[in-house]
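A.B. asks: Below is the file run36.txt, with compact mmCIF, C-alpha atoms.
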```txt
# COMPACT_ATOMS: atom_id res chain seq x y z
CA MET A 1 -9.96 17.36 20.43
CA ASN A 2 -8.20 18.98 17.53
CA GLU A 3 -8.46 22.74 17.07
CA GLU A 4 -7.55 23.06 13.38
CA SER A 5 -9.89 25.12 11.22
CA TYR A 6 -11.72 23.54 8.29
CA SER A 7 -9.69 25.33 5.62
CA GLN A 8 -6.45 24.27 7.30
CA ILE A 9 -7.54 20.65 7.37
CA PHE A 10 -8.60 20.75 3.73
CA ILE A 11 -5.37 22.31 2.47
CA ASN A 12 -3.29 20.01 4.62
CA ALA A 13 -4.96 16.85 3.38
CA CYS A 14 -5.18 17.98 -0.23
CA LEU A 15 -1.86 19.65 -0.94
CA VAL A 16 0.68 19.67 1.88
CA ASN A 17 0.29 16.07 2.97
CA ASN A 18 -1.09 14.71 -0.26
CA PHE A 19 -2.09 11.09 0.31
CA VAL A 20 -0.38 9.80 -2.81
CA LEU A 21 2.69 11.98 -3.01
CA ALA A 22 3.57 12.42 0.66
CA TYR A 23 2.08 9.38 2.40
CA PHE A 24 2.30 6.94 -0.53
CA LEU A 25 -1.21 5.70 0.15
CA GLY A 26 -3.24 4.21 -2.66
CA ILE A 27 -0.21 3.65 -4.85
CA CYS A 28 -1.19 0.14 -5.87
CA PRO A 29 -4.12 1.02 -8.13
CA PHE A 30 -2.35 4.13 -9.19
CA LEU A 31 0.60 2.25 -10.67
CA GLY A 32 -1.78 -0.06 -12.49
CA VAL A 33 -4.76 2.05 -13.46
CA SER A 34 -3.54 5.55 -14.22
CA GLY A 35 -3.10 5.69 -17.95
CA LYS A 36 -5.79 8.04 -19.17
CA ILE A 37 -7.03 11.29 -17.66
CA ASP A 38 -10.61 10.13 -18.13
CA THR A 39 -10.28 6.91 -16.12
CA ALA A 40 -8.11 8.65 -13.54
CA SER A 41 -10.75 11.26 -12.79
CA LYS A 42 -13.47 8.61 -12.50
CA MET A 43 -11.33 6.58 -10.16
CA GLY A 44 -10.66 9.71 -8.12
CA ALA A 45 -14.36 10.50 -7.88
CA ALA A 46 -15.14 6.97 -6.74
CA VAL A 47 -12.41 7.06 -4.10
CA THR A 48 -13.55 10.45 -2.79
CA PHE A 49 -17.11 9.16 -2.52
CA VAL A 50 -16.12 6.05 -0.58
CA MET A 51 -13.73 8.10 1.58
CA LEU A 52 -16.58 10.37 2.68
CA ILE A 53 -18.80 7.46 3.65
CA SER A 54 -16.12 5.42 5.38
CA SER A 55 -14.92 8.49 7.26
CA VAL A 56 -18.39 8.98 8.72
CA CYS A 57 -18.57 5.26 9.56
CA ALA A 58 -15.12 5.28 11.14
CA TYR A 59 -16.14 8.21 13.33
CA GLY A 60 -19.15 6.26 14.57
CA ILE A 61 -17.18 3.07 15.18
CA HIS A 62 -14.49 4.91 17.08
CA ALA A 63 -17.05 6.54 19.36
CA PHE A 64 -18.67 3.16 19.96
CA LEU A 65 -15.38 1.36 20.66
CA VAL A 66 -14.34 4.06 23.11
CA ALA A 67 -17.71 3.66 24.84
CA ILE A 68 -17.35 -0.10 25.26
CA ASN A 69 -13.62 0.23 25.96
CA ALA A 70 -12.34 -2.15 23.28
CA PRO A 71 -9.60 -0.37 21.30
CA PHE A 72 -8.07 -3.64 20.10
CA LEU A 73 -11.10 -4.19 17.87
CA GLN A 74 -10.42 -0.96 15.98
CA LEU A 75 -8.59 -2.36 12.99
CA ILE A 76 -10.82 -5.39 12.51
CA SER A 77 -14.04 -3.42 12.69
CA TYR A 78 -12.69 -0.68 10.39
CA ILE A 79 -11.70 -3.09 7.67
CA VAL A 80 -14.93 -5.07 7.91
CA VAL A 81 -17.07 -1.94 7.86
CA ILE A 82 -15.16 -0.43 4.94
CA ALA A 83 -15.42 -3.62 2.91
CA SER A 84 -19.14 -3.96 3.55
CA THR A 85 -19.76 -0.24 2.97
CA VAL A 86 -18.16 -0.49 -0.44
CA GLN A 87 -20.41 -3.43 -1.20
CA LEU A 88 -23.49 -1.54 0.04
CA VAL A 89 -22.60 1.62 -1.85
CA GLU A 90 -22.16 -0.47 -4.95
CA MET A 91 -25.62 -2.01 -4.61
CA PHE A 92 -27.20 1.34 -3.77
CA VAL A 93 -25.64 3.14 -6.73
CA LYS A 94 -26.58 0.28 -9.02
CA LYS A 95 -30.21 0.59 -7.96
CA MET A 96 -30.51 4.37 -7.78
CA SER A 97 -28.43 5.49 -10.72
CA PRO A 98 -27.43 2.86 -13.26
CA SER A 99 -25.68 5.46 -15.40
CA LEU A 100 -23.37 6.49 -12.56
CA PHE A 101 -22.78 2.83 -11.79
CA LYS A 102 -21.73 2.21 -15.36
CA ALA A 103 -19.44 5.23 -15.31
CA LEU A 104 -17.67 4.03 -12.16
CA GLY A 105 -17.60 0.43 -13.35
CA ILE A 106 -14.88 -1.77 -11.90
CA PHE A 107 -13.41 1.08 -9.84
CA LEU A 108 -16.01 0.90 -7.11
CA PRO A 109 -15.28 -2.64 -5.84
CA LEU A 110 -11.57 -2.15 -6.45
CA ILE A 111 -11.50 0.49 -3.76
CA THR A 112 -11.77 -1.96 -0.86
CA THR A 113 -8.15 -2.94 -1.35
CA ASN A 114 -7.07 0.69 -1.55
CA CYS A 115 -4.94 1.60 1.44
CA ALA A 116 -5.89 5.28 1.18
CA ILE A 117 -9.36 4.54 2.57
CA LEU A 118 -8.16 2.62 5.62
CA GLY A 119 -5.34 5.14 6.05
CA LEU A 120 -7.82 8.00 6.13
CA ALA A 121 -9.92 6.27 8.79
CA LEU A 122 -6.83 5.61 10.94
CA PHE A 123 -5.33 9.10 10.55
CA GLN A 124 -8.56 10.89 11.43
CA THR A 125 -8.83 8.77 14.58
CA ASN A 126 -5.22 9.47 15.51
CA LYS A 127 -5.67 13.19 14.99
CA GLY A 128 -8.85 13.26 17.07
CA TYR A 129 -11.01 15.12 14.56
CA ASP A 130 -14.66 15.72 15.41
CA PHE A 131 -17.52 14.84 13.08
CA TYR A 132 -17.39 17.86 10.72
CA GLN A 133 -13.60 17.96 10.73
CA SER A 134 -13.58 14.30 9.65
CA ILE A 135 -15.83 15.08 6.71
CA VAL A 136 -13.65 18.00 5.61
CA TYR A 137 -10.56 15.81 6.01
CA ALA A 138 -12.10 13.10 3.83
CA LEU A 139 -13.05 15.67 1.18
CA GLY A 140 -9.54 17.12 1.18
CA ALA A 141 -7.86 13.75 0.99
CA GLY A 142 -10.16 12.68 -1.83
CA THR A 143 -9.51 15.86 -3.80
CA GLY A 144 -5.77 15.47 -3.30
CA PHE A 145 -5.91 11.85 -4.42
CA THR A 146 -7.85 12.78 -7.56
CA LEU A 147 -5.46 15.64 -8.29
CA ALA A 148 -2.39 13.44 -8.05
CA LEU A 149 -3.98 10.71 -10.14
CA ILE A 150 -5.02 13.14 -12.89
CA LEU A 151 -1.60 14.83 -12.94
CA ILE A 152 0.18 11.51 -13.35
CA ALA A 153 -2.27 10.35 -15.99
CA GLY A 154 -1.62 13.59 -17.87
CA PHE A 155 2.12 12.96 -17.83
CA HIS A 156 1.45 9.41 -18.95
CA GLU A 157 -0.56 10.51 -21.96
CA GLN A 158 2.20 12.86 -23.06
CA LEU A 159 4.96 10.33 -22.48
CA GLU A 160 3.20 7.84 -24.76
CA TYR A 161 4.58 9.85 -27.66
CA ALA A 162 8.03 10.42 -26.23
CA GLU A 163 10.97 8.25 -27.12
CA VAL A 164 11.81 6.54 -23.87
CA PRO A 165 14.34 3.69 -23.66
CA LYS A 166 12.63 0.34 -23.34
CA VAL A 167 14.04 -0.50 -19.89
CA VAL A 168 12.55 2.63 -18.38
CA ARG A 169 9.02 2.14 -19.70
CA GLY A 170 6.20 1.16 -17.36
CA THR A 171 6.49 1.24 -13.60
CA VAL A 172 9.92 2.88 -13.52
CA LEU A 173 8.74 5.82 -15.58
CA THR A 174 5.60 6.26 -13.47
CA LEU A 175 7.71 6.22 -10.30
CA MET A 176 10.09 8.84 -11.66
CA VAL A 177 7.21 11.10 -12.67
CA ALA A 178 5.65 10.60 -9.23
CA GLY A 179 8.97 11.52 -7.61
CA ILE A 180 9.21 14.75 -9.56
CA LEU A 181 5.59 15.61 -8.73
CA SER A 182 6.27 14.84 -5.09
CA LEU A 183 9.18 17.30 -5.19
CA ALA A 184 6.89 19.91 -6.70
CA PHE A 185 4.30 19.35 -3.98
CA MET A 186 7.02 20.00 -1.38
CA GLY A 187 6.59 23.62 -2.38
CA PHE A 188 3.23 23.65 -0.60
CA SER A 189 4.72 22.80 2.79
CA GLY A 190 3.90 25.36 5.44
CA LEU A 191 0.80 26.49 3.57
CA GLY A 192 -1.78 25.07 5.97
CA SER A 193 -0.07 26.04 9.24
CA ASN A 194 -0.63 29.22 11.19
CA MET B 195 -17.77 -10.70 -6.21
CA LYS B 196 -16.00 -8.20 -8.40
CA ILE B 197 -13.24 -7.85 -5.87
CA GLU B 198 -12.51 -11.49 -6.39
CA GLN B 199 -12.42 -11.00 -10.12
CA TYR B 200 -10.04 -8.14 -9.71
CA LEU B 201 -7.82 -10.11 -7.38
CA LYS B 202 -7.84 -13.00 -9.78
CA ILE B 203 -6.70 -10.79 -12.63
CA ARG B 204 -4.11 -9.18 -10.43
CA ILE B 205 -2.81 -12.53 -9.21
CA MET B 206 -2.86 -14.07 -12.66
CA SER B 207 -0.78 -11.25 -14.05
CA ASN B 208 1.59 -11.46 -11.11
CA LEU B 209 1.96 -15.17 -11.37
CA ALA B 210 2.27 -15.28 -15.11
CA ILE B 211 5.96 -15.75 -14.46
CA ASN B 212 5.55 -19.03 -12.65
CA THR B 213 3.01 -20.81 -14.83
CA ASP B 214 5.64 -23.36 -15.76
CA GLN B 215 5.69 -24.34 -12.09
CA SER B 216 2.74 -26.70 -12.56
CA LYS B 217 4.68 -28.89 -14.98
CA SER B 218 7.14 -30.24 -12.44
CA GLU B 219 6.34 -30.42 -8.75
CA PRO B 220 8.61 -27.83 -7.09
CA SER B 221 10.40 -28.77 -3.89
CA SER B 222 10.12 -26.81 -0.64
CA THR B 223 13.44 -25.14 -1.22
CA ASP B 224 12.23 -23.93 -4.62
CA GLU B 225 9.23 -22.34 -2.90
CA PHE B 226 11.61 -20.62 -0.56
CA ILE B 227 14.12 -19.42 -3.16
CA LYS B 228 11.58 -18.04 -5.62
CA GLY B 229 10.51 -15.29 -3.22
CA LEU B 230 14.06 -14.05 -2.93
CA TRP B 231 14.86 -13.49 -6.55
CA LYS B 232 12.69 -14.82 -9.36
CA GLU B 233 9.41 -13.63 -7.91
CA ASN B 234 10.62 -11.00 -5.50
CA PRO B 235 7.45 -9.32 -4.25
CA VAL B 236 8.81 -5.79 -4.54
CA PHE B 237 11.16 -5.75 -7.49
CA VAL B 238 9.45 -8.25 -9.77
CA GLN B 239 5.79 -8.34 -8.76
CA VAL B 240 5.61 -4.69 -7.60
CA LEU B 241 3.23 -5.54 -4.74
CA GLY B 242 2.69 -3.78 -1.44
CA MET B 243 4.23 -0.48 -2.46
CA CYS B 244 2.79 1.75 0.26
CA PRO B 245 4.97 0.56 3.17
CA VAL B 246 7.92 0.06 0.84
CA LEU B 247 7.98 3.73 -0.06
CA ALA B 248 6.78 5.21 3.20
CA LEU B 249 8.95 3.36 5.68
CA SER B 250 12.23 3.00 3.83
CA ASN B 251 13.55 6.34 5.06
CA THR B 252 15.91 4.67 7.53
CA ALA B 253 17.40 1.19 7.53
CA GLU B 254 15.96 0.48 10.99
CA ASN B 255 12.37 1.35 10.04
CA ALA B 256 12.69 -0.66 6.85
CA LEU B 257 13.95 -3.73 8.68
CA ALA B 258 11.26 -3.50 11.37
CA MET B 259 8.49 -3.06 8.82
CA GLY B 260 9.82 -5.92 6.70
CA MET B 261 9.93 -8.23 9.69
CA ALA B 262 6.44 -7.25 10.84
CA THR B 263 5.05 -7.90 7.37
CA ALA B 264 6.91 -11.21 7.12
CA PHE B 265 5.47 -12.30 10.47
CA VAL B 266 1.90 -11.48 9.46
CA LEU B 267 2.46 -13.18 6.12
CA LEU B 268 3.79 -16.33 7.78
CA MET B 269 1.00 -16.59 10.35
CA SER B 270 -1.80 -15.85 7.88
CA ASN B 271 -0.36 -18.31 5.38
CA ILE B 272 -0.27 -21.04 8.03
CA LEU B 273 -3.82 -20.38 9.20
CA VAL B 274 -5.27 -20.00 5.71
CA SER B 275 -3.66 -23.21 4.56
CA LEU B 276 -4.88 -25.07 7.66
CA LEU B 277 -8.42 -23.82 7.10
CA ARG B 278 -8.37 -24.14 3.34
CA ASN B 279 -10.89 -26.99 3.31
CA PHE B 280 -13.27 -25.33 5.77
CA ILE B 281 -13.66 -21.80 4.38
CA PRO B 282 -16.60 -21.58 1.96
CA LYS B 283 -15.53 -20.25 -1.42
CA GLU B 284 -18.00 -17.34 -1.38
CA VAL B 285 -16.67 -15.69 1.76
CA ARG B 286 -13.00 -16.57 1.44
CA ILE B 287 -11.69 -13.06 0.72
CA ALA B 288 -13.56 -11.68 3.74
CA SER B 289 -12.23 -14.50 5.92
CA TYR B 290 -8.66 -13.91 4.75
CA ILE B 291 -8.96 -10.21 5.56
CA LEU B 292 -10.27 -11.05 9.05
CA ILE B 293 -7.40 -13.49 9.67
CA ILE B 294 -4.85 -10.95 8.48
CA ALA B 295 -6.40 -8.16 10.55
CA THR B 296 -6.19 -10.30 13.69
CA PHE B 297 -2.49 -10.96 13.25
CA VAL B 298 -1.80 -7.33 12.41
CA THR B 299 -3.45 -6.28 15.69
CA ILE B 300 -1.24 -8.78 17.54
CA THR B 301 1.86 -7.43 15.75
CA ASP B 302 0.88 -3.89 16.67
CA TYR B 303 0.72 -4.75 20.37
CA VAL B 304 3.98 -6.74 20.22
CA ILE B 305 5.87 -3.85 18.61
CA GLN B 306 4.41 -1.45 21.15
CA SER B 307 5.65 -3.64 23.98
CA ILE B 308 9.15 -4.00 22.48
CA SER B 309 9.84 -0.36 21.70
CA VAL B 310 7.54 2.62 22.02
CA ASP B 311 9.86 4.75 19.86
CA LEU B 312 9.77 2.25 17.02
CA HIS B 313 6.00 2.00 17.32
CA LYS B 314 5.76 5.76 17.04
CA SER B 315 7.97 5.98 13.97
CA LEU B 316 6.10 3.22 12.17
CA GLY B 317 2.79 4.83 13.08
CA ALA B 318 -0.38 3.88 11.26
CA PHE B 319 1.60 1.92 8.71
CA ILE B 320 1.57 -1.14 10.96
CA PHE B 321 -2.22 -1.21 10.60
CA LEU B 322 -1.91 -0.69 6.89
CA ILE B 323 -0.25 -4.10 6.58
CA VAL B 324 -3.85 -5.37 6.37
CA VAL B 325 -4.36 -3.88 2.94
CA ASN B 326 -0.92 -4.90 1.71
CA CYS B 327 -1.75 -6.65 -1.55
CA LEU B 328 1.21 -9.01 -1.04
CA ILE B 329 -0.32 -10.83 1.94
CA LEU B 330 -3.78 -11.18 0.44
CA SER B 331 -2.41 -12.37 -2.86
CA ARG B 332 -0.22 -15.03 -1.20
CA ALA B 333 -3.22 -16.24 0.81
CA GLU B 334 -5.40 -16.40 -2.27
CA ALA B 335 -2.86 -17.68 -4.78
CA PHE B 336 -0.76 -19.99 -2.68
CA ALA B 337 -1.84 -20.84 0.87
CA SER B 338 -5.42 -21.67 -0.10
CA LYS B 339 -4.20 -24.32 -2.52
CA ASN B 340 -1.14 -25.83 -0.86
CA THR B 341 -0.15 -27.80 2.21
CA VAL B 342 0.95 -26.15 5.44
CA GLY B 343 4.61 -27.04 4.94
CA LYS B 344 4.78 -25.49 1.51
CA SER B 345 2.84 -22.44 2.62
CA ILE B 346 5.35 -21.88 5.42
CA MET B 347 8.25 -22.07 2.97
CA ASP B 348 6.46 -19.75 0.57
CA ALA B 349 5.73 -17.24 3.32
CA LEU B 350 9.32 -17.38 4.60
CA GLY B 351 10.72 -16.83 1.11
CA MET B 352 8.34 -14.02 0.23
CA GLY B 353 8.73 -12.43 3.65
CA LEU B 354 12.50 -12.52 3.43
CA GLY B 355 12.42 -11.21 -0.13
CA PHE B 356 10.16 -8.36 0.96
CA THR B 357 12.37 -7.54 3.96
CA LEU B 358 15.53 -7.59 1.83
CA ALA B 359 13.96 -5.31 -0.76
CA LEU B 360 12.78 -2.88 1.92
CA PHE B 361 16.19 -2.97 3.57
CA SER B 362 18.02 -2.33 0.31
CA LEU B 363 15.86 0.73 -0.22
CA GLY B 364 16.14 1.91 3.36
CA ALA B 365 19.92 1.47 3.45
CA VAL B 366 20.43 3.52 0.27
CA ARG B 367 18.14 6.26 1.49
CA GLU B 368 19.66 6.46 4.94
CA VAL B 369 23.27 6.39 3.76
CA LEU B 370 22.72 9.12 1.19
CA GLY B 371 20.09 11.14 3.00
CA ASN B 372 21.44 10.99 6.52
CA GLY B 373 25.07 9.97 6.06
CA SER B 374 24.59 7.07 8.45
CA ILE B 375 23.38 3.50 8.72
CA PHE B 376 21.40 2.22 11.73
CA GLY B 377 22.14 5.62 13.23
CA ILE B 378 25.93 5.20 13.01
CA ALA B 379 27.61 8.04 11.10
CA LEU B 380 29.58 6.84 8.08
CA PHE B 381 31.12 9.95 6.64
CA PRO B 382 33.52 12.59 8.02
CA GLU B 383 32.18 15.97 9.15
CA GLY B 384 32.16 17.77 5.82
CA PHE B 385 29.82 15.36 4.03
CA GLN B 386 26.89 17.14 2.42
CA VAL B 387 23.82 14.90 2.82
CA TRP B 388 21.26 14.52 0.06
CA VAL B 389 18.23 15.73 1.94
CA VAL B 390 15.96 14.74 -0.95
CA MET B 391 16.59 11.07 -0.24
CA ILE B 392 14.77 11.04 3.10
CA LEU B 393 11.91 13.12 1.72
CA PRO B 394 8.99 11.30 0.07
CA ALA B 395 10.40 12.10 -3.39
CA GLY B 396 13.55 10.15 -2.53
CA GLY B 397 11.46 7.04 -1.99
CA PHE B 398 10.05 7.23 -5.49
CA PHE B 399 13.48 7.87 -7.01
CA THR B 400 15.26 5.09 -5.11
CA LEU B 401 12.58 2.52 -5.94
CA ALA B 402 12.67 3.64 -9.58
CA ALA B 403 16.44 3.17 -9.62
CA TRP B 404 16.27 -0.31 -8.12
CA LEU B 405 13.53 -1.37 -10.55
CA LEU B 406 15.64 0.01 -13.39
CA ILE B 407 18.59 -2.13 -12.33
CA PHE B 408 16.32 -5.19 -12.18
CA ASN B 409 14.88 -4.41 -15.61
CA MET B 410 18.36 -4.10 -17.06
CA PHE B 411 19.28 -7.53 -15.67
CA LYS B 412 16.09 -8.99 -17.06
CA GLN B 413 16.70 -7.48 -20.48
CA LYS B 414 20.27 -8.68 -20.57
CA SER B 415 19.26 -12.23 -19.69
CA THR B 416 16.55 -12.32 -22.36
CA THR B 417 18.73 -10.92 -25.15
CA SER B 418 21.78 -13.05 -24.52
```
Re-express the file's structure as structure tokens.

C.D. replies:
Amino acid sequence: MNEESYSQIFINACLVNNFVLAYFLGICPFLGVSGKIDTASKMGAAVTFVMLISSVCAYGIHAFLVAINAPFLQLISYIVVIASTVQLVEMFVKKMSPSLFKALGIFLPLITTNCAILGLALFQTNKGYDFYQSIVYALGAGTGFTLALILIAGFHEQLEYAEVPKVVRGTVLTLMVAGILSLAFMGFSGLGSN
Amino acid sequence: MKIEQYLKIRIMSNLAINTDQSKSEPSSTDEFIKGLWKENPVFVQVLGMCPVLALSNTAENALAMGMATAFVLLMSNILVSLLRNFIPKEVRIASYILIIATFVTITDYVIQSISVDLHKSLGAFIFLIVVNCLILSRAEAFASKNTVGKSIMDALGMGLGFTLALFSLGAVREVLGNGSIFGIALFPEGFQVWVVMILPAGGFFTLAAWLLIFNMFKQKSTTS
């Protein structure tokens, strides 16, 4: 079992080891989607939501797989459960709160192919977090993901008006901005440790 | 269902480059070559970025990751193309993911049996091959519509293209960030290494630089 305190886990997942800027997880949608702060924050909220649910599910699956002694099924069951959870969450949200469903729109189903979700489930298993620690970890990772997405979207909005050479526009520019942000986030290292 | 729509959009935009392919039947060698240059998964299609950035800190990691991905891509392409007439259309994405996940688990155990150190340094990223958009998009866009032979050539080309791209990133980062390649020191004692290159930020910068070079080539060939 892992002995880290909740605040340590949160700061670690959110700032020090930011999922986007330090682990490069969830880059695919982030290179495509992040253009406006508004959409970025919605995407972040959707990801955080799914992260919380899949983290709880992953905890349960792991306990079950350990009980029946079948670790080789870990990956397959994780991916299947995450994919079906996203589908279930989508149906549930659609039924319970159509306005929220509309606000999240295409982002909800898109999340299945987001590596940050599967990465979270795998990391929390590797680190041996207990139930509450897993939830805090998911919250931290989600917040960090949203933060990075919003920051990059903010840069994007400003750079729309800048005169950038044509070759640099698009993915290259986003990558450079992400690199600079990643450097800035290096400043947080050591924050969550004792 | 929306996932499929998304994938379709994604694949359409990625394959916009090769729409002219349908006019003349391409040979197997064409399928192989296109992955290396014209449709390079990393530099042209910008697919599967997570492992590209995370595991290109040394040339060895990059090569191992590239080969693991290429293996999974090859096996899943073969199986998907063999089963292409048996998988119902409604559940095809789920079936592809299951097929891919199976081969990734096999790869994980193989790497663990070859070298425990390598397995440790690749970490959870071996499992994350499952959600690599490259493999799913090849299964959906190519293997599910083509014969086994062509799918093998496609997978080999794309896999090699992916490995080469990863290696070119990893080599640059290791040479500059560590002063060595494959662990062999290149520079005399006094060389000041660029620590930033092996940090996460270096990954973003190196990939940006490579993409910039590719863009410049592309621009030059369109203007002239």

A.B. asks: Near chain A, meaning an atom within 6 Å, which residues of chain B appear when counting all atoms listed in the file? Write them as a PDB file with C-alpha atoms, in the frame of the given file.

C.D. replies:
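Writing the result to out01.pdb gives the following:
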```pdb
ATOM      1  CA  ILE B 197     -13.240  -7.850  -5.870  1.00  0.00           C
ATOM      2  CA  CYS B 244       2.790   1.750   0.260  1.00  0.00           C
ATOM      3  CA  ALA B 295      -6.400  -8.160  10.550  1.00  0.00           C
ATOM      4  CA  VAL B 325      -4.360  -3.880   2.940  1.00  0.00           C
ATOM      5  CA  PRO B 394       8.990  11.300   0.070  1.00  0.00           C
ATOM      6  CA  ALA B 395      10.400  12.100  -3.390  1.00  0.00           C
ATOM      7  CA  PHE B 398      10.050   7.230  -5.490  1.00  0.00           C
ATOM      8  CA  PHE B 399      13.480   7.870  -7.010  1.00  0.00           C
ATOM      9  CA  ALA B 402      12.670   3.640  -9.580  1.00  0.00           C
ATOM     10  CA  ASN B 409      14.880  -4.410 -15.610  1.00  0.00           C
TER      11      ASN B 409
END
```

A.B. asks: If you measure from CA of Glu4 (chain A) to CA of Ile53 (chain A), what distance in Å do you get, rounded to one decimal?

C.D. replies: 21.6 Å

A.B. asks: List as a PDB file with C-alpha atoms, keeping the file's coordinate frame the residues having at least one atom at most 12 Å from position (-4.5, 14.4, -12.5) as given in the file, counting all atoms listed in the file.

C.D. replies:
```pdb
ATOM      1  CA  VAL A  20      -0.380   9.800  -2.810  1.00  0.00           C
ATOM      2  CA  PHE A  30      -2.350   4.130  -9.190  1.00  0.00           C
ATOM      3  CA  SER A  34      -3.540   5.550 -14.220  1.00  0.00           C
ATOM      4  CA  GLY A  35      -3.100   5.690 -17.950  1.00  0.00           C
ATOM      5  CA  LYS A  36      -5.790   8.040 -19.170  1.00  0.00           C
ATOM      6  CA  ILE A  37      -7.030  11.290 -17.660  1.00  0.00           C
ATOM      7  CA  ASP A  38     -10.610  10.130 -18.130  1.00  0.00           C
ATOM      8  CA  THR A  39     -10.280   6.910 -16.120  1.00  0.00           C
ATOM      9  CA  ALA A  40      -8.110   8.650 -13.540  1.00  0.00           C
ATOM     10  CA  SER A  41     -10.750  11.260 -12.790  1.00  0.00           C
ATOM     11  CA  LYS A  42     -13.470   8.610 -12.500  1.00  0.00           C
ATOM     12  CA  MET A  43     -11.330   6.580 -10.160  1.00  0.00           C
ATOM     13  CA  GLY A  44     -10.660   9.710  -8.120  1.00  0.00           C
ATOM     14  CA  ALA A  45     -14.360  10.500  -7.880  1.00  0.00           C
ATOM     15  CA  THR A 143      -9.510  15.860  -3.800  1.00  0.00           C
ATOM     16  CA  GLY A 144      -5.770  15.470  -3.300  1.00  0.00           C
ATOM     17  CA  PHE A 145      -5.910  11.850  -4.420  1.00  0.00           C
ATOM     18  CA  THR A 146      -7.850  12.780  -7.560  1.00  0.00           C
ATOM     19  CA  LEU A 147      -5.460  15.640  -8.290  1.00  0.00           C
ATOM     20  CA  ALA A 148      -2.390  13.440  -8.050  1.00  0.00           C
ATOM     21  CA  LEU A 149      -3.980  10.710 -10.140  1.00  0.00           C
ATOM     22  CA  ILE A 150      -5.020  13.140 -12.890  1.00  0.00           C
ATOM     23  CA  LEU A 151      -1.600  14.830 -12.940  1.00  0.00           C
ATOM     24  CA  ILE A 152       0.180  11.510 -13.350  1.00  0.00           C
ATOM     25  CA  ALA A 153      -2.270  10.350 -15.990  1.00  0.00           C
ATOM     26  CA  GLY A 154      -1.620  13.590 -17.870  1.00  0.00           C
ATOM     27  CA  PHE A 155       2.120  12.960 -17.830  1.00  0.00           C
ATOM     28  CA  HIS A 156       1.450   9.410 -18.950  1.00  0.00           C
ATOM     29  CA  GLU A 157      -0.560  10.510 -21.960  1.00  0.00           C
ATOM     30  CA  ALA A 178       5.650  10.600  -9.230  1.00  0.00           C
ATOM     31  CA  LEU A 181       5.590  15.610  -8.730  1.00  0.00           C
TER      32      LEU A 181
END
```

A.B. asks: Just to confirm, what's the straight-line distance from CA of Glu90 (chain A) to CA of Glu284 (chain B) in Å (one decimal)?

C.D. replies: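 CA of Glu90 (chain A) sits 17.7 Å away from CA of Glu284 (chain B).
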
A.B. asks: Write out as a PDB file with C-alpha atoms, keeping the file's coordinate frame each polymer residue whose atoms come within 12 Å of Leu358 (chain B), counting all atoms listed in the file; drop sequence neighbours fewer than 5 positions from it.

C.D. replies:
```pdb
ATOM      1  CA  GLY B 229      10.510 -15.290  -3.220  1.00  0.00           C
ATOM      2  CA  LEU B 230      14.060 -14.050  -2.930  1.00  0.00           C
ATOM      3  CA  TRP B 231      14.860 -13.490  -6.550  1.00  0.00           C
ATOM      4  CA  ASN B 234      10.620 -11.000  -5.500  1.00  0.00           C
ATOM      5  CA  PRO B 235       7.450  -9.320  -4.250  1.00  0.00           C
ATOM      6  CA  VAL B 236       8.810  -5.790  -4.540  1.00  0.00           C
ATOM      7  CA  PHE B 237      11.160  -5.750  -7.490  1.00  0.00           C
ATOM      8  CA  VAL B 246       7.920   0.060   0.840  1.00  0.00           C
ATOM      9  CA  SER B 250      12.230   3.000   3.830  1.00  0.00           C
ATOM     10  CA  ALA B 253      17.400   1.190   7.530  1.00  0.00           C
ATOM     11  CA  ALA B 256      12.690  -0.660   6.850  1.00  0.00           C
ATOM     12  CA  LEU B 257      13.950  -3.730   8.680  1.00  0.00           C
ATOM     13  CA  ALA B 258      11.260  -3.500  11.370  1.00  0.00           C
ATOM     14  CA  MET B 259       8.490  -3.060   8.820  1.00  0.00           C
ATOM     15  CA  GLY B 260       9.820  -5.920   6.700  1.00  0.00           C
ATOM     16  CA  MET B 261       9.930  -8.230   9.690  1.00  0.00           C
ATOM     17  CA  THR B 263       5.050  -7.900   7.370  1.00  0.00           C
ATOM     18  CA  ALA B 264       6.910 -11.210   7.120  1.00  0.00           C
ATOM     19  CA  LEU B 350       9.320 -17.380   4.600  1.00  0.00           C
ATOM     20  CA  GLY B 351      10.720 -16.830   1.110  1.00  0.00           C
ATOM     21  CA  MET B 352       8.340 -14.020   0.230  1.00  0.00           C
ATOM     22  CA  GLY B 353       8.730 -12.430   3.650  1.00  0.00           C
ATOM     23  CA  LEU B 363      15.860   0.730  -0.220  1.00  0.00           C
ATOM     24  CA  GLY B 364      16.140   1.910   3.360  1.00  0.00           C
ATOM     25  CA  ALA B 365      19.920   1.470   3.450  1.00  0.00           C
TER      26      ALA B 365
END
```

A.B. asks: Between B:Val304, B:Ile272, B:Glu368, B:Ala288, which has the minimum distance to Leu380 (chain B) (counting only C-alpha atoms)?

C.D. replies: B:Glu368

A.B. asks: How many Å separate CA of Lys127 (chain A) from CA of Ala318 (chain B)?

C.D. replies: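 Between CA of Lys127 (chain A) and CA of Ala318 (chain B) the gap is 11.3 Å.
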
A.B. asks: Build an axis-aligned box that encloses every atom of region 17-20 of chain A listed in the file, pad it by 8 Å on each side, and report its centre and edge lengths in Å to one decimal, as AutoDock Vina command-line options.

C.D. replies:
```
--center_x -0.9 --center_y 12.9 --center_z 0.1 --size_x 18.4 --size_y 22.3 --size_z 21.8
```

A.B. asks: Kindly indicate which residue among A:Phe101, A:Phe131, A:Tyr59, A:Tyr161 lies nearest to Ala46 (chain A), using all atoms listed in the file for the distances.

C.D. replies: A:Phe101
